[in-house]
Amino acid sequence: MSNERTPLVPSGVCGLSVDTAACAASLDDTPESGSGTPSKDPRQLDTFFGVMVPTVLSMFSIVLFLRTGFVVGHAGLLQGLLMVFVAYTIVSLTILSICAISTNGAIQGGGAYYMISRSLGPEFGGSIGLMFFLAKVFACGEYVLGLVEAILDVFGSEPESPVSKGIRVLPQGYWYTVLYSTVVLLLCLLVCLVGAHIYCRTAFVILLVVTVSLLSIFISAVAVKPQDFVITHTGPGNQTLRYNASYTGFSATTLRNNLGSGYSLDYSTNSVMSFSTVFAIMFTSCTGIMAGANMSGELKTPSVSIPKGTIVAVFYSFTVYVLLFILVGATCDRTLLIQDYGFLQRINLWSPFVTIGIYCASLSAAMCSMIGASRILHALALDHLFGLPLVPAAVTSSSGNPWVAVLYTWGLAQCVVFAGQLNAVASLVTVFYLLAYAAVDLACLALEWASAPNFRPTFQLFSWHTCLLGIVSCLVMMFVINPVYSSGSIVLLLLLLLFLHYRSPTSSWGYISQALIFHQVRKYLLMLDVRKDHVKFWRPQVLLMVANPRSSCQLILFVNQLKKGGLYVLGHVQLGDLDSLPSDPVQQQYNFWLSLVDKLGVKAFVDLTLSPSVRQGTQHLLRITGLGGMKPNMLILGFYDSCTPEDFFLQDSAFYDSSLQAHFPPVRHIESPRWLSPEEYVGIISDAIKMNKNVCLGRYFFQLEGEGKDSKVDGSERTIDVWPLNLLQPGSRDYEDVCSLFLLQMACVLNMSSKWRHARMRIFLNVETESSVQGWVVNEETVRELLRKLRIRASITLVPWDSVVQHHVQPNVENPAEQTQALSDGFLTAVNCMIMEHSSQAAVRFLYLPRPPAHHSQSQQYVAQLEAVTSGLGPTLLIHGVTPVTYTDL
């Protein structure tokens, strides 16, 4: 069996070919370098260093030091805490899904992408994986912009002073911001090119520094005395704006004043803030929950480390944010919070504590995002989902570091920093992350609803309720934050889905869609109670017996039009005895038959059986094919004659280079022995009628054209002719018997299909004008009224057949069923000529199929009579109906 890293086989619209053999070696659990040299096992990280540390640092990032006051100042303490609770509720629901999926089996590199793709299939996995990669890229750019903002806050020149003073030596402006961001990104690139392991080890030191900075903030709230500040900003027209702000220390008045919201102008973007814009910026503090999951390729035991490390990290960061919100809300006035992102440095015992904390947190978050994004891109490249553009991203160094994917990530992050302001990209980052979180919840929900026996996560603190609530929460908050970005991201997701769907990748991952479909189909099949069947909802459910598809493709395509949304099964009997065979030969053939169905574009199932005779095999299929209320009610056979079959595979260019050419045997030659005798063929018809199945025999359908899936035929040039009388029994004048009405119904069903909807339908009524019984005039009106009641649009043509009937010899037999055995050759020829005269231009003809003889000794004569009547007619369907199918009431 292929392992979970079996690459996808690309096909379809792109036509990109990738050397999968060359790449296969690099897809094992132990990655190899781009040159193919094996490397040491990269799985060296434990729960603390691999999950907790990167997750905490990602969640602290820039918001902790640079946007805490911004959130409380604009939203107020109450709405700020509400935002924190809403954000952490959303991420907590997603964490439950992450923990469930990550404890349900071995996780390879790629983190969230790996979870989603292996749960939802390549289409959803690839599209969501790329969206999550973009979210990480934008987050990396955002963190870099935040770091540059913090650097300029300390070292940037004063806006009102043309001369640099002290350490404030760095010039400010849009292009300078881009330049500084580029330098920081290059530093991140160098670290990431060295490898994730060095970063993860140094990340612990960074976490210690950030923790010390946090402790200094809490200590300073008690130790620092109240102070007043003058804050300056460059306003419109380069004028200098000054604001008087105060640090009051712990004060009930300050706390009371900061409880309510006070949304105002943001000095960095010159736009008025609102709940949605502030929440978008605050939510970026929660986008690090998958930092540990994205390191799944470097974790020793990802199924243990990811749940444990993520939950502990999230709880820790949540506690810190709540305490910090309360602290700043009780000690700083609103002006200070709104007008100075870096106010924490002003009110600290020693401002470098906070400065170093900001630099470390921002830089580590940027590097973590770059590493996480590169791992996702590397996993996408290994799976060959997007073809040639991502092939280089699969290359790794000797230590297993995907350095080309890191370069891809760096290049895109460099484009993001041209936004120039952190707040400008925060909404887009948040929307992308929320969409990725919703996808993780969807994956877990689908696995839970599918009730697959192999979905047995060791983490049990989740249910379908938490998954569904997580999806709804993410989608609602996306549109609350920014409806335009949300709509655009969903449109992008759908385009990626369509691209991957039409590219038609195949995988050995398993498709959750198949599990869900199975679950729902089983449920609805149980609800489909055959005891509640009603004739007005009857539809054809067809079992078409196919000896060799090479000679039956046109009939297969025609029956696909005849099924009217009903069950359609291609049946085939392989002659043989399982006792004398080492294995079942039928099992090996299923894929070829399914490929045939795909090639022809028909909506059909395949059912094959092994049997000593075709008759026994057909009996088996008639009994066991289908399930519950979906079982065939009609058997269709090709005609039994001595004609040499034509090879459809040699006529259709679609089959020239197909593997099906080699699998299915050549068509039968004229001297080749038949698979079954006339007695067995007629016996199959008799068996079906005894089993209360309707029977159809199709002849000359190799002459029918325009039934292919690419054909544009709509039937406007076609004619459907129906002869509802039993032409082999002239004494019959009953146009309303079950078989005649079945003929009308099947012709009407064909007339409703896509390639026959505009065809003209003609009904021929045979009348004996010279007979003493002049009821034929009444019969015409009866049939016309019947068609009106049945809502069948058709023209009626009267066909005098006195000259035909005179050739009929009335037999001296008591059983009317044996009358067919006394028919003369002259009568059969006359019937054939009559049909030919009136229906020579028809596209297809529907004829009444007489009941087969009771004794097998008359089978050959029965077949000969049918052959004589239909000789040279063109596509013809002989039908014997045994079930009522028409209904005139509403």
# chains A, B, ... in the order shown; residues from 1 in each chain; ligands from 1
>>> residues_around(residues="Lys603 (chain A)", least_positions_apart="6", cutoff="12 Å", atoms="only C-alpha atoms", output="list in words")
Val542, Ile556, Leu557, Phe558, Val559, Asn560, Gln561, Leu562, Lys563, Lys564, Gly565, Gly566, Leu567, Tyr568, Val569, Leu570, Leu594, Leu596, Val597 and Lys709 of chain A
>>> atom_distance(atom1="CA of Ile217 (chain A)", atom2="CA of Gln345 (chain A)")
8.8 Å
>>> residues_around(residues="Val314 (chain A)", least_positions_apart="5", cutoff="12 Å", atoms="only C-alpha atoms", output="compact mmCIF listing (two decimals) with all heavy atoms, in the first residue's frame")
# COMPACT_ATOMS: atom_id res chain seq x y z
N VAL A 51 6.76 23.11 20.41
CA VAL A 51 5.37 23.58 20.32
C VAL A 51 5.13 24.78 21.24
O VAL A 51 4.70 25.85 20.79
CB VAL A 51 4.38 22.44 20.67
CG1 VAL A 51 2.93 22.95 20.57
CG2 VAL A 51 4.58 21.26 19.74
N MET A 52 5.40 24.61 22.54
CA MET A 52 5.06 25.66 23.49
C MET A 52 5.79 26.97 23.20
O MET A 52 5.18 28.04 23.14
CB MET A 52 5.36 25.20 24.92
CG MET A 52 4.35 24.22 25.48
SD MET A 52 4.72 23.76 27.19
CE MET A 52 4.65 25.37 27.99
N VAL A 53 7.10 26.89 23.03
CA VAL A 53 7.90 28.11 22.84
C VAL A 53 7.49 28.86 21.56
O VAL A 53 7.18 30.06 21.62
CB VAL A 53 9.40 27.79 22.84
CG1 VAL A 53 10.21 29.02 22.44
CG2 VAL A 53 9.83 27.28 24.21
N PRO A 54 7.45 28.21 20.38
CA PRO A 54 7.05 28.97 19.19
C PRO A 54 5.61 29.46 19.24
O PRO A 54 5.30 30.54 18.73
CB PRO A 54 7.26 27.97 18.04
CG PRO A 54 7.36 26.64 18.65
CD PRO A 54 7.88 26.83 20.02
N THR A 55 4.73 28.70 19.88
CA THR A 55 3.33 29.12 19.95
C THR A 55 3.18 30.35 20.84
O THR A 55 2.49 31.31 20.48
CB THR A 55 2.45 27.97 20.49
OG1 THR A 55 2.58 26.83 19.64
CG2 THR A 55 0.99 28.39 20.53
N VAL A 56 3.82 30.34 22.00
CA VAL A 56 3.74 31.50 22.91
C VAL A 56 4.33 32.73 22.24
O VAL A 56 3.74 33.82 22.27
CB VAL A 56 4.46 31.19 24.23
CG1 VAL A 56 4.62 32.46 25.06
CG2 VAL A 56 3.69 30.15 25.03
N LEU A 57 5.48 32.59 21.62
CA LEU A 57 6.12 33.74 20.98
C LEU A 57 5.28 34.27 19.82
O LEU A 57 5.18 35.48 19.62
CB LEU A 57 7.52 33.36 20.48
CG LEU A 57 8.59 33.18 21.56
CD1 LEU A 57 9.89 32.72 20.95
CD2 LEU A 57 8.80 34.48 22.33
N SER A 58 4.66 33.36 19.06
CA SER A 58 3.81 33.80 17.94
C SER A 58 2.58 34.53 18.44
O SER A 58 2.10 35.48 17.81
CB SER A 58 3.40 32.61 17.09
OG SER A 58 4.52 32.01 16.48
N MET A 59 2.04 34.10 19.56
CA MET A 59 0.83 34.73 20.08
C MET A 59 1.14 36.04 20.80
O MET A 59 0.29 36.92 20.88
CB MET A 59 0.08 33.76 20.99
CG MET A 59 -0.37 32.50 20.28
SD MET A 59 -1.51 31.50 21.19
CE MET A 59 -3.02 32.43 21.02
N PHE A 60 2.33 36.17 21.33
CA PHE A 60 2.72 37.46 21.93
C PHE A 60 3.04 38.46 20.81
O PHE A 60 2.49 39.54 20.76
CB PHE A 60 3.93 37.28 22.84
CG PHE A 60 3.57 36.72 24.18
CD1 PHE A 60 4.55 36.24 25.04
CD2 PHE A 60 2.25 36.66 24.60
CE1 PHE A 60 4.23 35.73 26.29
CE2 PHE A 60 1.91 36.15 25.84
CZ PHE A 60 2.90 35.68 26.69
N VAL A 84 -10.99 39.83 23.48
CA VAL A 84 -10.08 38.76 23.87
C VAL A 84 -10.85 37.45 24.06
O VAL A 84 -10.43 36.39 23.57
CB VAL A 84 -9.33 39.14 25.17
CG1 VAL A 84 -8.51 37.95 25.67
CG2 VAL A 84 -8.43 40.33 24.94
N ALA A 87 -12.05 36.17 20.63
CA ALA A 87 -10.93 35.64 19.85
C ALA A 87 -10.45 34.30 20.41
O ALA A 87 -10.24 33.34 19.65
CB ALA A 87 -9.79 36.66 19.86
N TYR A 88 -10.32 34.22 21.71
CA TYR A 88 -9.82 32.98 22.30
C TYR A 88 -10.86 31.87 22.30
O TYR A 88 -10.52 30.68 22.33
CB TYR A 88 -9.28 33.23 23.71
CG TYR A 88 -7.84 33.66 23.71
CD1 TYR A 88 -7.49 34.99 23.50
CD2 TYR A 88 -6.82 32.74 23.87
CE1 TYR A 88 -6.16 35.39 23.46
CE2 TYR A 88 -5.49 33.13 23.85
CZ TYR A 88 -5.17 34.45 23.63
OH TYR A 88 -3.85 34.83 23.59
N THR A 89 -12.14 32.25 22.25
CA THR A 89 -13.18 31.22 22.09
C THR A 89 -13.07 30.58 20.72
O THR A 89 -13.14 29.35 20.56
CB THR A 89 -14.58 31.85 22.26
OG1 THR A 89 -14.69 32.37 23.58
CG2 THR A 89 -15.66 30.80 22.02
N ILE A 90 -12.87 31.44 19.70
CA ILE A 90 -12.73 30.92 18.34
C ILE A 90 -11.51 30.01 18.23
O ILE A 90 -11.59 28.89 17.71
CB ILE A 90 -12.63 32.09 17.33
CG1 ILE A 90 -13.97 32.85 17.27
CG2 ILE A 90 -12.25 31.59 15.95
CD1 ILE A 90 -13.91 34.10 16.41
N VAL A 91 -10.37 30.49 18.73
CA VAL A 91 -9.16 29.68 18.60
C VAL A 91 -9.23 28.43 19.48
O VAL A 91 -8.67 27.39 19.12
CB VAL A 91 -7.89 30.50 18.92
CG1 VAL A 91 -7.75 31.67 17.97
CG2 VAL A 91 -7.87 30.96 20.36
N SER A 92 -9.94 28.51 20.60
CA SER A 92 -10.06 27.32 21.46
C SER A 92 -10.87 26.24 20.77
O SER A 92 -10.53 25.05 20.85
CB SER A 92 -10.72 27.70 22.80
OG SER A 92 -9.92 28.63 23.51
N LEU A 93 -11.94 26.64 20.06
CA LEU A 93 -12.73 25.66 19.31
C LEU A 93 -11.88 25.03 18.22
O LEU A 93 -11.96 23.82 17.96
CB LEU A 93 -13.96 26.33 18.70
CG LEU A 93 -15.02 26.83 19.70
CD1 LEU A 93 -16.07 27.67 18.99
CD2 LEU A 93 -15.67 25.65 20.41
N THR A 94 -11.05 25.85 17.58
CA THR A 94 -10.18 25.32 16.54
C THR A 94 -9.11 24.42 17.12
O THR A 94 -8.75 23.40 16.53
CB THR A 94 -9.53 26.48 15.75
OG1 THR A 94 -10.55 27.34 15.25
CG2 THR A 94 -8.69 25.96 14.60
N ILE A 95 -8.60 24.77 18.29
CA ILE A 95 -7.59 23.94 18.95
C ILE A 95 -8.14 22.56 19.25
O ILE A 95 -7.44 21.55 19.11
CB ILE A 95 -7.09 24.63 20.24
CG1 ILE A 95 -6.21 25.82 19.88
CG2 ILE A 95 -6.32 23.65 21.12
CD1 ILE A 95 -5.87 26.70 21.06
N LEU A 96 -9.40 22.49 19.67
CA LEU A 96 -10.01 21.18 19.91
C LEU A 96 -9.99 20.33 18.65
O LEU A 96 -9.72 19.12 18.69
CB LEU A 96 -11.45 21.36 20.41
CG LEU A 96 -11.64 22.09 21.75
CD1 LEU A 96 -13.13 22.17 22.09
CD2 LEU A 96 -10.88 21.38 22.87
N SER A 285 -2.99 38.54 17.51
CA SER A 285 -2.32 37.91 18.65
C SER A 285 -2.72 36.47 18.82
O SER A 285 -2.07 35.73 19.59
CB SER A 285 -2.64 38.69 19.93
OG SER A 285 -4.02 38.55 20.27
N CYS A 286 -3.79 36.03 18.14
CA CYS A 286 -4.28 34.66 18.30
C CYS A 286 -3.94 33.79 17.10
O CYS A 286 -4.38 32.64 17.03
CB CYS A 286 -5.81 34.67 18.48
SG CYS A 286 -6.38 35.68 19.85
N THR A 287 -3.20 34.35 16.16
CA THR A 287 -2.94 33.59 14.93
C THR A 287 -1.76 32.65 15.05
O THR A 287 -1.35 32.05 14.05
CB THR A 287 -2.69 34.57 13.76
OG1 THR A 287 -1.63 35.46 14.13
CG2 THR A 287 -3.93 35.37 13.45
N GLY A 288 -1.22 32.53 16.23
CA GLY A 288 -0.05 31.66 16.39
C GLY A 288 -0.36 30.29 16.92
O GLY A 288 0.57 29.55 17.26
N ILE A 289 -1.63 29.92 16.97
CA ILE A 289 -1.97 28.63 17.61
C ILE A 289 -1.44 27.44 16.83
O ILE A 289 -1.32 26.35 17.38
CB ILE A 289 -3.49 28.48 17.81
CG1 ILE A 289 -4.22 28.52 16.47
CG2 ILE A 289 -4.02 29.52 18.76
CD1 ILE A 289 -5.68 28.15 16.58
N MET A 290 -1.14 27.63 15.54
CA MET A 290 -0.64 26.51 14.75
C MET A 290 0.87 26.56 14.56
O MET A 290 1.42 25.82 13.75
CB MET A 290 -1.32 26.48 13.39
CG MET A 290 -2.78 26.14 13.45
SD MET A 290 -3.47 25.88 11.82
CE MET A 290 -5.18 25.59 12.24
N ALA A 291 1.54 27.46 15.30
CA ALA A 291 3.00 27.54 15.18
C ALA A 291 3.65 26.21 15.52
O ALA A 291 4.61 25.78 14.88
CB ALA A 291 3.54 28.64 16.08
N GLY A 292 3.12 25.54 16.53
CA GLY A 292 3.65 24.23 16.89
C GLY A 292 3.25 23.16 15.89
O GLY A 292 4.06 22.30 15.52
N ILE A 306 1.68 18.29 19.96
CA ILE A 306 0.82 19.35 19.44
C ILE A 306 -0.35 19.66 20.37
O ILE A 306 -0.57 20.82 20.73
CB ILE A 306 0.33 19.00 18.01
CG1 ILE A 306 1.52 19.04 17.04
CG2 ILE A 306 -0.75 19.97 17.54
CD1 ILE A 306 1.18 18.59 15.63
N PRO A 307 -1.14 18.68 20.82
CA PRO A 307 -2.25 19.02 21.73
C PRO A 307 -1.77 19.60 23.05
O PRO A 307 -2.25 20.66 23.49
CB PRO A 307 -2.97 17.69 21.94
CG PRO A 307 -2.53 16.82 20.83
CD PRO A 307 -1.15 17.25 20.48
N LYS A 308 -0.82 18.92 23.66
CA LYS A 308 -0.38 19.35 24.99
C LYS A 308 0.27 20.73 24.93
O LYS A 308 -0.09 21.64 25.70
CB LYS A 308 0.61 18.32 25.56
CG LYS A 308 1.03 18.60 26.99
CD LYS A 308 2.13 17.62 27.43
CE LYS A 308 1.64 16.18 27.37
NZ LYS A 308 2.69 15.24 27.87
N GLY A 309 1.23 20.92 24.04
CA GLY A 309 1.94 22.18 23.96
C GLY A 309 1.06 23.34 23.54
O GLY A 309 1.16 24.45 24.09
N THR A 319 -4.01 34.31 29.71
CA THR A 319 -3.87 34.88 31.06
C THR A 319 -3.07 36.18 31.02
O THR A 319 -3.44 37.19 31.64
CB THR A 319 -3.20 33.87 32.00
OG1 THR A 319 -3.93 32.64 31.99
CG2 THR A 319 -3.13 34.41 33.42
N VAL A 320 -1.97 36.17 30.27
CA VAL A 320 -1.13 37.37 30.17
C VAL A 320 -1.90 38.52 29.54
O VAL A 320 -1.85 39.67 30.03
CB VAL A 320 0.14 37.05 29.37
CG1 VAL A 320 0.91 38.34 29.05
CG2 VAL A 320 1.04 36.09 30.14
N TYR A 321 -2.64 38.26 28.48
CA TYR A 321 -3.37 39.34 27.80
C TYR A 321 -4.46 39.94 28.70
O TYR A 321 -4.63 41.17 28.75
CB TYR A 321 -4.01 38.82 26.51
CG TYR A 321 -3.07 38.88 25.33
CD1 TYR A 321 -2.60 37.73 24.72
CD2 TYR A 321 -2.65 40.11 24.83
CE1 TYR A 321 -1.73 37.79 23.65
CE2 TYR A 321 -1.78 40.18 23.75
CZ TYR A 321 -1.32 39.01 23.16
OH TYR A 321 -0.46 39.08 22.11
>>> residues_around(residues="Ser716 (chain A)", least_positions_apart="3", cutoff="10 Å", atoms="only C-alpha atoms", output="JSON, numbers by chain")
{"A": [713, 719, 755, 756, 757, 758, 759, 760]}
>>> closest_residue(among="A:Val137, A:Ile231, A:Leu543, A:Ile763", to="Leu336 (chain A)", atoms="only C-alpha atoms")
A:Ile231
>>> select_by_dssp(residues="region 89-321 of chain A", states="helix (DSSP H, G or I)", output="ChimeraX atom specification")
/A:89-102,112-120,122-155,174-194,196-223,236-238,252-257,275-286,293-298,302-321
>>> residues_around(residues="Gly342 (chain A)", least_positions_apart="5", cutoff="8 Å", atoms="only C-alpha atoms", output="mmCIF file with C-alpha atoms, in the first residue's frame")
data_model
loop_
_atom_site.group_PDB
_atom_site.id
_atom_site.type_symbol
_atom_site.label_atom_id
_atom_site.label_comp_id
_atom_site.auth_asym_id
_atom_site.auth_seq_id
_atom_site.Cartn_x
_atom_site.Cartn_y
_atom_site.Cartn_z
ATOM 1 C CA PHE A 65 3.850 45.283 23.458
ATOM 2 C CA LEU A 66 2.684 47.568 20.639
ATOM 3 C CA ALA A 150 9.232 49.790 17.288
ATOM 4 C CA ASP A 153 9.892 54.707 17.890
#
>>> residues_around(residues="Val614 (chain A)", least_positions_apart="4", cutoff="8 Å", atoms="only C-alpha atoms", output="PyMOL selection string")
chain A and resi 573-575+618+675-676+680
>>> write_last_selection(atoms="all heavy atoms", output="PDB file, in the first residue's frame")
ATOM      1  N   VAL A 573     -20.928 -11.007 -17.366  1.00  0.00           N
ATOM      2  CA  VAL A 573     -20.716 -12.346 -16.800  1.00  0.00           C
ATOM      3  C   VAL A 573     -19.407 -12.894 -17.338  1.00  0.00           C
ATOM      4  O   VAL A 573     -19.224 -13.023 -18.557  1.00  0.00           O
ATOM      5  CB  VAL A 573     -21.871 -13.293 -17.155  1.00  0.00           C
ATOM      6  CG1 VAL A 573     -21.610 -14.684 -16.577  1.00  0.00           C
ATOM      7  CG2 VAL A 573     -23.191 -12.742 -16.642  1.00  0.00           C
ATOM      8  N   GLN A 574     -18.494 -13.196 -16.429  1.00  0.00           N
ATOM      9  CA  GLN A 574     -17.230 -13.854 -16.788  1.00  0.00           C
ATOM     10  C   GLN A 574     -17.438 -15.355 -16.615  1.00  0.00           C
ATOM     11  O   GLN A 574     -17.803 -15.823 -15.530  1.00  0.00           O
ATOM     12  CB  GLN A 574     -16.110 -13.362 -15.872  1.00  0.00           C
ATOM     13  CG  GLN A 574     -14.776 -14.040 -16.081  1.00  0.00           C
ATOM     14  CD  GLN A 574     -14.036 -13.512 -17.299  1.00  0.00           C
ATOM     15  OE1 GLN A 574     -14.176 -12.357 -17.647  1.00  0.00           O
ATOM     16  NE2 GLN A 574     -13.297 -14.388 -17.953  1.00  0.00           N
ATOM     17  N   LEU A 575     -17.232 -16.103 -17.670  1.00  0.00           N
ATOM     18  CA  LEU A 575     -17.428 -17.544 -17.594  1.00  0.00           C
ATOM     19  C   LEU A 575     -16.273 -18.187 -16.842  1.00  0.00           C
ATOM     20  O   LEU A 575     -15.105 -17.880 -17.097  1.00  0.00           O
ATOM     21  CB  LEU A 575     -17.544 -18.139 -18.999  1.00  0.00           C
ATOM     22  CG  LEU A 575     -18.769 -17.693 -19.821  1.00  0.00           C
ATOM     23  CD1 LEU A 575     -18.739 -18.324 -21.198  1.00  0.00           C
ATOM     24  CD2 LEU A 575     -20.052 -18.054 -19.092  1.00  0.00           C
ATOM     25  N   THR A 618     -26.557 -14.002 -15.263  1.00  0.00           N
ATOM     26  CA  THR A 618     -27.576 -12.958 -15.398  1.00  0.00           C
ATOM     27  C   THR A 618     -28.625 -13.077 -14.309  1.00  0.00           C
ATOM     28  O   THR A 618     -29.089 -12.060 -13.756  1.00  0.00           O
ATOM     29  CB  THR A 618     -28.226 -13.025 -16.787  1.00  0.00           C
ATOM     30  OG1 THR A 618     -27.219 -12.988 -17.798  1.00  0.00           O
ATOM     31  CG2 THR A 618     -29.193 -11.867 -16.992  1.00  0.00           C
ATOM     32  N   TRP A 675     -20.963 -17.167 -27.277  1.00  0.00           N
ATOM     33  CA  TRP A 675     -20.889 -17.378 -25.832  1.00  0.00           C
ATOM     34  C   TRP A 675     -22.108 -18.131 -25.306  1.00  0.00           C
ATOM     35  O   TRP A 675     -22.034 -18.797 -24.290  1.00  0.00           O
ATOM     36  CB  TRP A 675     -20.770 -16.027 -25.117  1.00  0.00           C
ATOM     37  CG  TRP A 675     -19.388 -15.502 -25.095  1.00  0.00           C
ATOM     38  CD1 TRP A 675     -18.395 -15.768 -25.982  1.00  0.00           C
ATOM     39  CD2 TRP A 675     -18.835 -14.615 -24.128  1.00  0.00           C
ATOM     40  NE1 TRP A 675     -17.254 -15.094 -25.647  1.00  0.00           N
ATOM     41  CE2 TRP A 675     -17.490 -14.376 -24.509  1.00  0.00           C
ATOM     42  CE3 TRP A 675     -19.333 -13.988 -22.991  1.00  0.00           C
ATOM     43  CZ2 TRP A 675     -16.643 -13.555 -23.788  1.00  0.00           C
ATOM     44  CZ3 TRP A 675     -18.493 -13.164 -22.273  1.00  0.00           C
ATOM     45  CH2 TRP A 675     -17.169 -12.954 -22.660  1.00  0.00           C
ATOM     46  N   LEU A 676     -23.228 -17.954 -25.989  1.00  0.00           N
ATOM     47  CA  LEU A 676     -24.448 -18.597 -25.510  1.00  0.00           C
ATOM     48  C   LEU A 676     -25.278 -19.009 -26.712  1.00  0.00           C
ATOM     49  O   LEU A 676     -25.185 -18.422 -27.798  1.00  0.00           O
ATOM     50  CB  LEU A 676     -25.248 -17.680 -24.590  1.00  0.00           C
ATOM     51  CG  LEU A 676     -25.937 -16.432 -25.146  1.00  0.00           C
ATOM     52  CD1 LEU A 676     -26.871 -15.861 -24.091  1.00  0.00           C
ATOM     53  CD2 LEU A 676     -24.971 -15.356 -25.572  1.00  0.00           C
ATOM     54  N   GLU A 680     -30.319 -20.491 -24.553  1.00  0.00           N
ATOM     55  CA  GLU A 680     -29.901 -19.778 -23.342  1.00  0.00           C
ATOM     56  C   GLU A 680     -30.313 -18.308 -23.410  1.00  0.00           C
ATOM     57  O   GLU A 680     -30.741 -17.716 -22.412  1.00  0.00           O
ATOM     58  CB  GLU A 680     -28.376 -19.890 -23.175  1.00  0.00           C
ATOM     59  CG  GLU A 680     -27.879 -19.454 -21.798  1.00  0.00           C
ATOM     60  CD  GLU A 680     -26.398 -19.726 -21.602  1.00  0.00           C
ATOM     61  OE1 GLU A 680     -25.708 -20.092 -22.570  1.00  0.00           O
ATOM     62  OE2 GLU A 680     -25.932 -19.567 -20.456  1.00  0.00           O
TER      63      GLU A 680
END
>>> residues_around(residues="Leu877 (chain A)", least_positions_apart="2", cutoff="12 Å", atoms="only C-alpha atoms", output="number ranges by chain")
A: 555, 558-559, 562, 636-639, 695-701, 720-724, 743, 746-747, 750, 843-849, 866, 870, 873-875, 879-880
>>> write_last_selection(atoms="C-alpha atoms", output="PDB file, in the first residue's frame")
ATOM      1  CA  LEU A 555     -25.991   0.911 -26.885  1.00  0.00           C
ATOM      2  CA  PHE A 558     -28.191   5.209 -25.712  1.00  0.00           C
ATOM      3  CA  VAL A 559     -29.366   3.504 -22.520  1.00  0.00           C
ATOM      4  CA  LEU A 562     -33.092   6.165 -21.539  1.00  0.00           C
ATOM      5  CA  ILE A 636     -31.664  -4.792 -21.542  1.00  0.00           C
ATOM      6  CA  LEU A 637     -29.827  -7.185 -23.847  1.00  0.00           C
ATOM      7  CA  GLY A 638     -28.116  -6.814 -27.166  1.00  0.00           C
ATOM      8  CA  PHE A 639     -29.744  -8.659 -30.035  1.00  0.00           C
ATOM      9  CA  VAL A 695     -37.138  -6.760 -20.925  1.00  0.00           C
ATOM     10  CA  CYS A 696     -35.671  -4.792 -23.829  1.00  0.00           C
ATOM     11  CA  LEU A 697     -33.689  -6.105 -26.775  1.00  0.00           C
ATOM     12  CA  GLY A 698     -31.571  -3.616 -28.706  1.00  0.00           C
ATOM     13  CA  ARG A 699     -30.599  -4.164 -32.344  1.00  0.00           C
ATOM     14  CA  TYR A 700     -28.551  -2.116 -34.834  1.00  0.00           C
ATOM     15  CA  PHE A 701     -27.514   0.452 -32.247  1.00  0.00           C
ATOM     16  CA  ILE A 720     -38.976   8.290 -32.495  1.00  0.00           C
ATOM     17  CA  ASP A 721     -41.432   5.724 -33.886  1.00  0.00           C
ATOM     18  CA  VAL A 722     -43.598   3.576 -31.624  1.00  0.00           C
ATOM     19  CA  TRP A 723     -45.513   0.467 -32.767  1.00  0.00           C
ATOM     20  CA  PRO A 724     -47.520  -0.390 -29.648  1.00  0.00           C
ATOM     21  CA  LEU A 743     -43.738   1.051 -24.804  1.00  0.00           C
ATOM     22  CA  MET A 746     -40.249   4.359 -22.531  1.00  0.00           C
ATOM     23  CA  ALA A 747     -40.569   6.343 -25.755  1.00  0.00           C
ATOM     24  CA  LEU A 750     -36.378   8.968 -24.227  1.00  0.00           C
ATOM     25  CA  ALA A 843     -33.747   7.470 -35.552  1.00  0.00           C
ATOM     26  CA  VAL A 844     -35.021   4.692 -33.273  1.00  0.00           C
ATOM     27  CA  ARG A 845     -38.034   2.366 -33.286  1.00  0.00           C
ATOM     28  CA  PHE A 846     -39.926   0.896 -30.329  1.00  0.00           C
ATOM     29  CA  LEU A 847     -41.552  -2.477 -31.070  1.00  0.00           C
ATOM     30  CA  TYR A 848     -43.660  -4.846 -29.004  1.00  0.00           C
ATOM     31  CA  LEU A 849     -41.656  -7.884 -27.882  1.00  0.00           C
ATOM     32  CA  LEU A 866     -37.586 -11.509 -34.202  1.00  0.00           C
ATOM     33  CA  THR A 870     -36.362  -6.332 -37.457  1.00  0.00           C
ATOM     34  CA  LEU A 873     -34.585  -1.551 -39.768  1.00  0.00           C
ATOM     35  CA  GLY A 874     -31.810   0.403 -38.073  1.00  0.00           C
ATOM     36  CA  PRO A 875     -31.687   1.126 -34.301  1.00  0.00           C
ATOM     37  CA  ILE A 879     -39.757  -4.166 -25.378  1.00  0.00           C
ATOM     38  CA  HIS A 880     -41.823  -6.444 -23.197  1.00  0.00           C
TER      39      HIS A 880
END
